[in-house]
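*Asks:* Coordinates in model_12.txt, compact mmCIF, C-alpha atoms, are listed below.
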```
# COMPACT_ATOMS: atom_id res chain seq x y z
CA MET A 1 1.64 5.24 17.25
CA ALA A 2 0.53 8.66 16.04
CA VAL A 3 -2.57 9.05 13.88
CA VAL A 4 -0.48 10.21 10.89
CA ASP A 5 1.47 6.93 11.06
CA LYS A 6 -1.73 4.92 10.64
CA ASP A 7 -3.06 6.59 7.50
CA TYR A 8 -0.71 5.10 4.94
CA LYS A 9 -3.21 5.40 2.09
CA THR A 10 -3.22 9.19 2.40
CA ARG A 11 0.56 9.35 2.78
CA LEU A 12 1.05 7.15 -0.30
CA GLN A 13 -1.43 9.24 -2.31
CA GLU A 14 0.41 12.44 -1.38
CA TYR A 15 3.78 10.88 -2.20
CA VAL A 16 2.63 9.73 -5.64
CA GLN A 17 0.82 12.99 -6.47
CA LYS A 18 3.75 15.18 -5.41
CA ARG A 19 6.03 13.27 -7.79
CA HIS A 20 3.48 12.98 -10.62
CA MET A 21 4.02 9.21 -10.68
CA GLY A 22 0.61 8.15 -11.96
CA LYS A 23 -2.76 6.92 -10.71
CA LEU A 24 -3.24 4.73 -7.63
CA SER A 25 -6.01 2.19 -7.30
CA TYR A 26 -6.87 -0.51 -4.78
CA VAL A 27 -8.18 -3.93 -5.76
CA LEU A 28 -9.57 -6.69 -3.59
CA ALA A 29 -7.36 -9.69 -4.44
CA GLY A 30 -9.13 -12.19 -2.23
CA ALA A 31 -11.10 -13.04 0.86
CA THR A 32 -10.76 -16.23 2.86
CA GLY A 33 -12.25 -17.73 5.97
CA PRO A 34 -15.73 -18.07 7.38
CA GLU A 35 -18.17 -15.14 7.25
CA HIS A 36 -17.63 -14.32 10.92
CA ASN A 37 -13.82 -14.27 10.60
CA LYS A 38 -12.85 -13.15 7.08
CA SER A 39 -9.32 -12.26 6.04
CA PHE A 40 -8.97 -9.87 3.11
CA THR A 41 -6.10 -9.29 0.68
CA MET A 42 -5.84 -5.94 -1.08
CA CYS A 43 -3.40 -4.84 -3.78
CA VAL A 44 -2.42 -1.26 -4.48
CA LEU A 45 -1.69 -0.53 -8.12
CA LEU A 46 0.19 2.33 -9.72
CA ASP A 47 -0.98 2.77 -13.30
CA GLY A 48 -2.11 -0.85 -13.28
CA THR A 49 1.11 -2.33 -11.85
CA GLU A 50 1.03 -3.89 -8.39
CA ILE A 51 3.27 -2.01 -5.97
CA GLY A 52 2.00 -3.38 -2.65
CA ARG A 53 -0.13 -6.11 -1.14
CA GLY A 54 -1.65 -6.31 2.33
CA GLU A 55 -3.78 -8.61 4.44
CA GLY A 56 -6.18 -7.79 7.24
CA GLY A 57 -9.41 -8.56 9.02
CA THR A 58 -11.17 -5.75 7.12
CA LYS A 59 -10.79 -4.40 3.60
CA GLN A 60 -9.73 -1.07 5.13
CA SER A 61 -6.93 -2.60 7.22
CA ALA A 62 -5.73 -4.69 4.26
CA GLY A 63 -5.65 -1.55 2.09
CA GLN A 64 -3.69 0.32 4.76
CA MET A 65 -1.16 -2.51 4.94
CA ALA A 66 -0.82 -2.56 1.15
CA ALA A 67 -0.23 1.20 1.12
CA GLU A 68 2.30 0.94 3.97
CA ARG A 69 4.27 -1.69 2.06
CA ALA A 70 4.20 0.33 -1.16
CA LEU A 71 5.31 3.50 0.60
CA ASP A 72 8.09 1.58 2.34
CA ARG A 73 9.30 0.28 -1.04
CA PHE A 74 9.41 3.81 -2.48
CA LEU A 75 11.26 5.19 0.54
CA ARG A 76 13.79 2.33 0.44
CA ALA A 77 14.26 2.95 -3.29
CA GLN A 78 15.28 6.53 -2.53
CA THR A 79 18.02 5.42 -0.14
CA GLN A 80 19.41 2.35 -1.95
CA PRO A 81 21.89 2.69 -4.84
CA ASP A 82 20.13 0.00 -6.91
CA GLY A 83 16.71 1.62 -6.46
CA GLY A 84 15.35 -1.13 -4.17
CA MET A 85 12.36 -1.75 -6.44
CA GLY A 86 12.30 -5.54 -6.68
CA ALA A 87 9.17 -7.70 -6.73
CA CYS A 88 6.33 -6.88 -4.36
CA ASP A 89 6.78 -8.17 -0.83
```
Can the structure from this file be put into structure tokens for me?
*Replies:*
Amino acid sequence: MAVVDKDYKTRLQEYVQKRHMGKLSYVLAGATGPEHNKSFTMCVLLDGTEIGRGEGGTKQSAGQMAAERALDRFLRAQTQPDGGMGACD
């Protein structure tokens, strides 16, 4: 996998800015597990509305997964006649 494919937060930020869609923010939605093996859940919000959610062993990886899911939703919405913007995955 190329480096550009891994940095979904940057790609999502560029996508949103280019289209003047609003402001992105990331929120820690939860952390579970013992201290030595935490699992984090991050949400990405667009103007306060959740557009993606991700889980990972670090906050960074959870944020990347959330951004990847949000970007995927936007790209699917461009190609589907109904917009493809249902509830967050």
*Asks:* Which distance in Å separates atom CA of A:Tyr8 and atom CA of A:Arg53, to one decimal?
*Replies:*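 Atom-to-atom, atom CA of A:Tyr8 to atom CA of A:Arg53, that is 12.8 Å.
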*Asks:* What lies within 8 Å of stretch 60-69 of chain A using all atoms listed in the file, ignoring chain neighbours under 5 positions off, as a list in words?
*Replies:*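 Here the qualifying residues turn out to be Lys6, Asp7, Tyr8, Lys9, Leu12, Tyr26, Phe40, Thr41, Met42, Cys43, Val44, Gly52, Arg53, Gly54, Glu55 and Asp89 of chain A.
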*Asks:* One number please: atom CA of A:Leu28 to atom CA of A:Tyr15, in Å, one decimal.
*Replies:*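 These atoms are spaced 22.1 Å apart.
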*Asks:* In Å, rounded to a single decimal, give me how far atom CA of A:Asn37 is from atom CA of A:Lys59.
*Replies:*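 So the answer is 12.5 Å.
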*Asks:* Measuring between only C-alpha atoms, which one of A:Ser25, A:Thr10, A:Gln80, A:Thr58 shows the shortest distance to A:Ser39?
*Replies:*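 Among the listed residues, the smallest separation from A:Ser39 belongs to A:Thr58.
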*Asks:* Of the candidates A:Leu24, A:Ala31, A:Ala70, A:His36, which one gets nearest to A:Gly48 if we count only C-alpha atoms?
*Replies:*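 When distances to A:Gly48 are compared using only C-alpha atoms, the smallest one comes from A:Leu24.
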*Asks:* Have a look at A:Gln13, A:Ala77, A:Arg19, A:Gly57 and name the one nearest to A:Lys38; count only C-alpha atoms.
*Replies:*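 Among A:Gln13, A:Ala77, A:Arg19, A:Gly57, it is A:Gly57 that comes nearest to A:Lys38.
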*Asks:* For A:Thr49, which of A:Gln17, A:Pro34, A:Arg73, A:Gly22 is the closest residue, counting only C-alpha atoms?
*Replies:*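 Counting only C-alpha atoms, the residue closest to A:Thr49 is A:Gly22.
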*Asks:* Which residue, A:Arg11, A:Gly56, A:Val16, A:Asp47, has the smallest gap to A:Ala29 when you use all atoms listed in the file?
*Replies:*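 Nearest to A:Ala29: A:Gly56.
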